[in-house]
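Here is the file work.pdb (PDB, C-alpha atoms).
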```
ATOM      1  CA  MET A  22     -92.405 -31.393  25.122  1.00  0.00           C
ATOM      2  CA  LYS A  23     -91.375 -34.768  24.177  1.00  0.00           C
ATOM      3  CA  LEU A  24     -88.140 -33.448  22.801  1.00  0.00           C
ATOM      4  CA  ILE A  25     -87.131 -31.989  26.084  1.00  0.00           C
ATOM      5  CA  THR A  26     -87.880 -35.124  28.058  1.00  0.00           C
ATOM      6  CA  PRO A  27     -86.794 -38.092  25.972  1.00  0.00           C
ATOM      7  CA  ASP A  28     -88.318 -41.466  26.715  1.00  0.00           C
ATOM      8  CA  PHE A  29     -86.490 -44.678  27.481  1.00  0.00           C
ATOM      9  CA  GLY A  30     -86.574 -46.129  23.928  1.00  0.00           C
ATOM     10  CA  LEU A  31     -84.929 -43.100  22.391  1.00  0.00           C
ATOM     11  CA  ILE A  32     -82.119 -43.128  24.928  1.00  0.00           C
ATOM     12  CA  PHE A  33     -81.611 -46.860  24.376  1.00  0.00           C
ATOM     13  CA  TRP A  34     -81.355 -46.562  20.594  1.00  0.00           C
ATOM     14  CA  MET A  35     -79.135 -43.527  20.812  1.00  0.00           C
ATOM     15  CA  THR A  36     -76.826 -45.302  23.233  1.00  0.00           C
ATOM     16  CA  LEU A  37     -76.754 -48.424  21.042  1.00  0.00           C
ATOM     17  CA  ALA A  38     -75.996 -46.334  17.909  1.00  0.00           C
ATOM     18  CA  PHE A  39     -73.308 -44.413  19.768  1.00  0.00           C
ATOM     19  CA  GLY A  40     -71.745 -47.654  21.026  1.00  0.00           C
ATOM     20  CA  ILE A  41     -71.696 -49.199  17.514  1.00  0.00           C
ATOM     21  CA  VAL A  42     -70.190 -46.071  16.005  1.00  0.00           C
ATOM     22  CA  PHE A  43     -67.663 -45.940  18.845  1.00  0.00           C
ATOM     23  CA  LEU A  44     -66.700 -49.599  18.352  1.00  0.00           C
ATOM     24  CA  VAL A  45     -66.285 -49.115  14.601  1.00  0.00           C
ATOM     25  CA  LEU A  46     -64.249 -46.002  15.195  1.00  0.00           C
ATOM     26  CA  ALA A  47     -62.196 -47.775  17.873  1.00  0.00           C
ATOM     27  CA  LYS A  48     -61.454 -50.676  15.540  1.00  0.00           C
ATOM     28  CA  VAL A  49     -60.850 -48.718  12.341  1.00  0.00           C
ATOM     29  CA  ALA A  50     -60.277 -45.009  12.859  1.00  0.00           C
ATOM     30  CA  PHE A  51     -58.619 -44.725  16.289  1.00  0.00           C
ATOM     31  CA  PRO A  52     -55.583 -46.905  15.396  1.00  0.00           C
ATOM     32  CA  ILE A  53     -55.021 -44.873  12.209  1.00  0.00           C
ATOM     33  CA  ILE A  54     -55.451 -41.581  14.053  1.00  0.00           C
ATOM     34  CA  GLY A  55     -53.153 -42.875  16.858  1.00  0.00           C
ATOM     35  CA  LYS A  56     -50.480 -43.889  14.330  1.00  0.00           C
ATOM     36  CA  ALA A  57     -50.763 -40.524  12.603  1.00  0.00           C
ATOM     37  CA  LEU A  58     -50.498 -38.718  15.952  1.00  0.00           C
ATOM     38  CA  LYS A  59     -47.515 -40.900  16.961  1.00  0.00           C
ATOM     39  CA  LYS A  60     -45.795 -40.201  13.604  1.00  0.00           C
ATOM     40  CA  ARG A  61     -46.462 -36.497  14.027  1.00  0.00           C
ATOM     41  CA  GLU A  62     -45.098 -36.616  17.568  1.00  0.00           C
ATOM     42  CA  GLU A  63     -41.968 -38.431  16.326  1.00  0.00           C
ATOM     43  CA  LYS A  64     -41.470 -35.907  13.536  1.00  0.00           C
ATOM     44  CA  ILE A  65     -41.861 -33.038  15.973  1.00  0.00           C
ATOM     45  CA  THR A  66     -39.394 -34.701  18.365  1.00  0.00           C
ATOM     46  CA  GLU A  67     -36.930 -35.287  15.500  1.00  0.00           C
ATOM     47  CA  ALA A  68     -37.343 -31.694  14.346  1.00  0.00           C
ATOM     48  CA  LEU A  69     -36.709 -30.427  17.883  1.00  0.00           C
ATOM     49  CA  GLU A  70     -33.628 -32.650  18.212  1.00  0.00           C
ATOM     50  CA  LEU A  71     -32.387 -31.501  14.803  1.00  0.00           C
ATOM     51  CA  ALA A  72     -32.982 -27.886  15.792  1.00  0.00           C
ATOM     52  CA  GLU A  73     -31.059 -28.442  19.033  1.00  0.00           C
ATOM     53  CA  ARG A  74     -28.174 -30.153  17.195  1.00  0.00           C
ATOM     54  CA  THR A  75     -28.176 -27.373  14.595  1.00  0.00           C
ATOM     55  CA  HIS A  76     -28.158 -24.785  17.361  1.00  0.00           C
ATOM     56  CA  GLU A  77     -25.186 -26.499  19.028  1.00  0.00           C
ATOM     57  CA  GLU A  78     -23.388 -26.779  15.692  1.00  0.00           C
ATOM     58  CA  MET A  79     -24.018 -23.094  15.041  1.00  0.00           C
ATOM     59  CA  LYS A  80     -22.564 -22.253  18.465  1.00  0.00           C
ATOM     60  CA  GLN A  81     -19.542 -24.422  17.668  1.00  0.00           C
ATOM     61  CA  LEU A  82     -19.155 -22.838  14.217  1.00  0.00           C
ATOM     62  CA  GLN A  83     -19.429 -19.384  15.721  1.00  0.00           C
ATOM     63  CA  ALA A  84     -16.758 -20.260  18.288  1.00  0.00           C
ATOM     64  CA  ASP A  85     -14.561 -21.696  15.519  1.00  0.00           C
ATOM     65  CA  ASN A  86     -15.119 -18.574  13.411  1.00  0.00           C
ATOM     66  CA  GLU A  87     -14.121 -16.353  16.335  1.00  0.00           C
ATOM     67  CA  LYS A  88     -11.013 -18.464  16.862  1.00  0.00           C
ATOM     68  CA  VAL A  89     -10.107 -18.283  13.158  1.00  0.00           C
ATOM     69  CA  LEU A  90     -10.720 -14.518  13.137  1.00  0.00           C
ATOM     70  CA  GLN A  91      -8.522 -14.080  16.209  1.00  0.00           C
ATOM     71  CA  GLU A  92      -5.756 -16.159  14.614  1.00  0.00           C
ATOM     72  CA  ALA A  93      -6.086 -14.134  11.402  1.00  0.00           C
ATOM     73  CA  ARG A  94      -5.825 -10.886  13.380  1.00  0.00           C
ATOM     74  CA  GLU A  95      -2.745 -12.154  15.204  1.00  0.00           C
ATOM     75  CA  GLU A  96      -1.159 -13.273  11.943  1.00  0.00           C
ATOM     76  CA  ARG A  97      -2.005  -9.921  10.330  1.00  0.00           C
ATOM     77  CA  ASP A  98      -0.418  -8.093  13.264  1.00  0.00           C
ATOM     78  CA  LYS A  99       2.670 -10.301  13.029  1.00  0.00           C
ATOM     79  CA  ILE A 100       2.941  -9.701   9.273  1.00  0.00           C
ATOM     80  CA  LEU A 101       2.552  -5.941   9.772  1.00  0.00           C
ATOM     81  CA  THR A 102       5.198  -5.961  12.508  1.00  0.00           C
ATOM     82  CA  ASP A 103       7.566  -7.938  10.296  1.00  0.00           C
ATOM     83  CA  ALA A 104       6.870  -5.591   7.381  1.00  0.00           C
ATOM     84  CA  ARG A 105       7.564  -2.537   9.554  1.00  0.00           C
ATOM     85  CA  SER A 106      10.815  -3.972  10.857  1.00  0.00           C
ATOM     86  CA  THR A 107      11.854  -4.943   7.314  1.00  0.00           C
ATOM     87  CA  ARG A 108      10.978  -1.457   6.091  1.00  0.00           C
ATOM     88  CA  ASP A 109      12.964   0.150   8.914  1.00  0.00           C
ATOM     89  CA  ARG A 110      15.937  -2.141   8.255  1.00  0.00           C
ATOM     90  CA  ILE A 111      15.859  -1.347   4.516  1.00  0.00           C
ATOM     91  CA  ILE A 112      15.633   2.376   5.260  1.00  0.00           C
ATOM     92  CA  GLU A 113      18.571   2.159   7.669  1.00  0.00           C
ATOM     93  CA  GLU A 114      20.614   0.218   5.120  1.00  0.00           C
ATOM     94  CA  ALA A 115      19.766   2.767   2.433  1.00  0.00           C
ATOM     95  CA  LYS A 116      20.723   5.625   4.753  1.00  0.00           C
ATOM     96  CA  ALA A 117      24.008   3.909   5.607  1.00  0.00           C
ATOM     97  CA  LYS A 118      24.774   3.317   1.922  1.00  0.00           C
ATOM     98  CA  ALA A 119      23.832   6.889   1.070  1.00  0.00           C
ATOM     99  CA  THR A 120      26.018   8.237   3.859  1.00  0.00           C
ATOM    100  CA  GLU A 121      28.886   6.016   2.752  1.00  0.00           C
ATOM    101  CA  GLU A 122      28.453   7.081  -0.885  1.00  0.00           C
ATOM    102  CA  THR A 123      28.237  10.743   0.149  1.00  0.00           C
ATOM    103  CA  ASN A 124      31.405  10.450   2.203  1.00  0.00           C
ATOM    104  CA  ARG A 125      33.157   8.730  -0.714  1.00  0.00           C
ATOM    105  CA  ILE A 126      32.010  11.460  -3.130  1.00  0.00           C
ATOM    106  CA  VAL A 127      33.098  14.200  -0.703  1.00  0.00           C
ATOM    107  CA  GLU A 128      36.505  12.571  -0.267  1.00  0.00           C
ATOM    108  CA  THR A 129      36.881  12.225  -4.031  1.00  0.00           C
ATOM    109  CA  ALA A 130      35.877  15.861  -4.477  1.00  0.00           C
ATOM    110  CA  LYS A 131      38.353  16.951  -1.799  1.00  0.00           C
ATOM    111  CA  GLU A 132      41.118  14.971  -3.488  1.00  0.00           C
ATOM    112  CA  THR A 133      40.174  16.430  -6.869  1.00  0.00           C
ATOM    113  CA  ILE A 134      40.117  19.955  -5.452  1.00  0.00           C
ATOM    114  CA  GLU A 135      43.476  19.401  -3.746  1.00  0.00           C
ATOM    115  CA  ASN A 136      44.943  18.039  -6.991  1.00  0.00           C
ATOM    116  CA  GLU A 137      43.545  20.979  -8.955  1.00  0.00           C
ATOM    117  CA  ARG A 138      44.895  23.412  -6.361  1.00  0.00           C
ATOM    118  CA  LYS A 139      48.328  21.810  -6.536  1.00  0.00           C
ATOM    119  CA  ALA A 140      48.218  21.878 -10.336  1.00  0.00           C
ATOM    120  CA  ALA A 141      47.186  25.556 -10.266  1.00  0.00           C
ATOM    121  CA  LEU A 142      50.001  26.368  -7.849  1.00  0.00           C
ATOM    122  CA  THR A 143      52.433  24.512 -10.034  1.00  0.00           C
ATOM    123  CA  ASP A 144      51.190  26.431 -13.080  1.00  0.00           C
ATOM    124  CA  ILE A 145      51.499  29.720 -11.176  1.00  0.00           C
ATOM    125  CA  LYS A 146      55.020  28.835 -10.027  1.00  0.00           C
ATOM    126  CA  ASN A 147      55.986  27.891 -13.570  1.00  0.00           C
ATOM    127  CA  GLU A 148      54.483  31.114 -14.909  1.00  0.00           C
ATOM    128  CA  ILE A 149      56.306  33.158 -12.237  1.00  0.00           C
ATOM    129  CA  ALA A 150      59.525  31.343 -13.085  1.00  0.00           C
ATOM    130  CA  ASN A 151      59.001  32.065 -16.797  1.00  0.00           C
ATOM    131  CA  ILE A 152      58.268  35.716 -16.088  1.00  0.00           C
ATOM    132  CA  SER A 153      61.290  35.931 -13.803  1.00  0.00           C
ATOM    133  CA  ILE A 154      63.491  34.391 -16.477  1.00  0.00           C
ATOM    134  CA  LYS A 155      62.153  36.822 -19.113  1.00  0.00           C
ATOM    135  CA  VAL A 156      62.691  39.758 -16.790  1.00  0.00           C
ATOM    136  CA  ALA A 157      66.203  38.553 -15.999  1.00  0.00           C
ATOM    137  CA  GLU A 158      66.926  38.127 -19.717  1.00  0.00           C
ATOM    138  CA  LYS A 159      65.692  41.630 -20.454  1.00  0.00           C
ATOM    139  CA  ILE A 160      67.726  43.042 -17.582  1.00  0.00           C
ATOM    140  CA  LEU A 161      70.797  41.221 -18.721  1.00  0.00           C
ATOM    141  CA  GLU A 162      70.311  42.348 -22.305  1.00  0.00           C
ATOM    142  CA  LYS A 163      70.324  45.897 -21.275  1.00  0.00           C
ATOM    143  CA  GLN A 164      72.933  47.042 -18.870  1.00  0.00           C
ATOM    144  CA  LEU A 165      71.733  50.067 -17.068  1.00  0.00           C
ATOM    145  CA  ASP A 166      74.008  52.410 -15.261  1.00  0.00           C
ATOM    146  CA  SER A 167      71.893  53.603 -12.362  1.00  0.00           C
ATOM    147  CA  ASN A 168      69.687  51.805  -9.906  1.00  0.00           C
ATOM    148  CA  GLN A 169      66.740  54.099 -10.653  1.00  0.00           C
ATOM    149  CA  ALA A 170      66.968  53.319 -14.342  1.00  0.00           C
ATOM    150  CA  GLN A 171      67.040  49.593 -13.566  1.00  0.00           C
ATOM    151  CA  MET A 172      63.943  49.852 -11.317  1.00  0.00           C
ATOM    152  CA  ASP A 173      62.025  51.835 -13.967  1.00  0.00           C
ATOM    153  CA  TYR A 174      63.008  49.292 -16.575  1.00  0.00           C
ATOM    154  CA  ILE A 175      61.902  46.343 -14.355  1.00  0.00           C
ATOM    155  CA  GLU A 176      58.505  47.988 -13.688  1.00  0.00           C
ATOM    156  CA  ARG A 177      57.978  48.585 -17.397  1.00  0.00           C
ATOM    157  CA  ILE A 178      58.797  44.962 -18.228  1.00  0.00           C
ATOM    158  CA  ILE A 179      56.386  43.702 -15.511  1.00  0.00           C
ATOM    159  CA  LYS A 180      53.598  45.902 -16.946  1.00  0.00           C
ATOM    160  CA  GLU A 181      54.308  44.616 -20.429  1.00  0.00           C
ATOM    161  CA  THR A 182      54.251  41.046 -19.210  1.00  0.00           C
ATOM    162  CA  GLU A 183      50.930  41.602 -17.401  1.00  0.00           C
ATOM    163  CA  ASN A 184      49.423  43.150 -20.525  1.00  0.00           C
ATOM    164  CA  ASN A 185      50.587  40.200 -22.676  1.00  0.00           C
ATOM    165  CA  ASN A 186      48.861  37.660 -20.433  1.00  0.00           C
TER     166      ASN A 186
END
```

For this file, write the structure as structure tokens.
Amino acid sequence: MKLITPDFGLIFWMTLAFGIVFLVLAKVAFPIIGKALKKREEKITEALELAERTHEEMKQLQADNEKVLQEAREERDKILTDARSTRDRIIEEAKAKATEETNRIVETAKETIENERKAALTDIKNEIANISIKVAEKILEKQLDSNQAQMDYIERIIKETENNN
């Protein structure tokens, strides 16, 4: 039962041993442990500050990225609008040139057709004149007494002339 109820000497020596160990620890170990804890606390504080600064920088970068993306979208839209207007202008110019060229070609064709028609009419008139002269020559070569004989002769000459051409 002595272990359960310690006597005065045991308590004294235990207290003295604890006091000596505590003094040695207080002189040697506690300052080292305190410095280590203070360093750890400083590192944790620095890490938290760095994390906060990094977080703020990330927010700023994200805001800058959004701004750059918005500017890029606006510039893209402007470029697309400019490209569309340039395309439309080029198409309109091409249509105008094509219309102008078509009108010029049509006018040239009309002039050519008119010239060909006039040339054909001139050829026809010349041919009629030649035929008329030949018919007149034939009529003059042969003097016919009656009108009916002259008409028969003229019809025969016309048929001959048509067959020759």

Give the centre and edge lengths of an axis-aligned box, in Å to one decimal, that holds all listed atoms of stretch 144-157 of chain A with 5 Å on each side, as AutoDock Vina command-line options.
```
--center_x 58.7 --center_y 33.1 --center_z -14.6 --size_x 25.0 --size_y 23.3 --size_z 19.1
```

Between atom CA of A:Ile32 and atom CA of A:Ile54, distance in Å (one decimal):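 Spanning atom CA of A:Ile32 to atom CA of A:Ile54 is a straight-line distance of 28.8 Å.
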
Length of the atom CA of A:Glu176 to atom CA of A:Ile149 vector [Å]: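 Answer for the atom CA of A:Glu176 to atom CA of A:Ile149 separation: 15.1 Å.
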
Suppose you want the space between atom CA of A:Ile145 and atom CA of A:Lys131; what is it in Å?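 These two atoms are separated by 20.6 Å.
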
Report the closest atom pair, with its distance in Å rounded to one decimal, for each residue of stretch 83-167 of chain A that has an atom no farther than 12 Å from stretch 69-79 of chain A; count only C-alpha atoms, sort by chain and then rising residue number, and write it as a Markdown table.
```
| residue | atom | partner | partner_atom | distance |
| --- | --- | --- | --- | --- |
| A:Gln83 | CA | A:Met79 | CA | 5.9 |
| A:Ala84 | CA | A:Met79 | CA | 8.4 |
| A:Asp85 | CA | A:Met79 | CA | 9.6 |
| A:Asn86 | CA | A:Met79 | CA | 10.1 |
```

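With all atoms listed in the file as the atoms that count, the residue of A:Glu113, A:Asp28, A:Glu137, A:Glu148 with the shortest distance to A:Glu183 is A:Glu148.
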
I need the residue set behind the PyMOL selection byres ((chain A and resi 175) around 12) for this file; please write it as a PyMOL selection string. chain A and resi 152-153+155-161+163-165+168-174+176-182
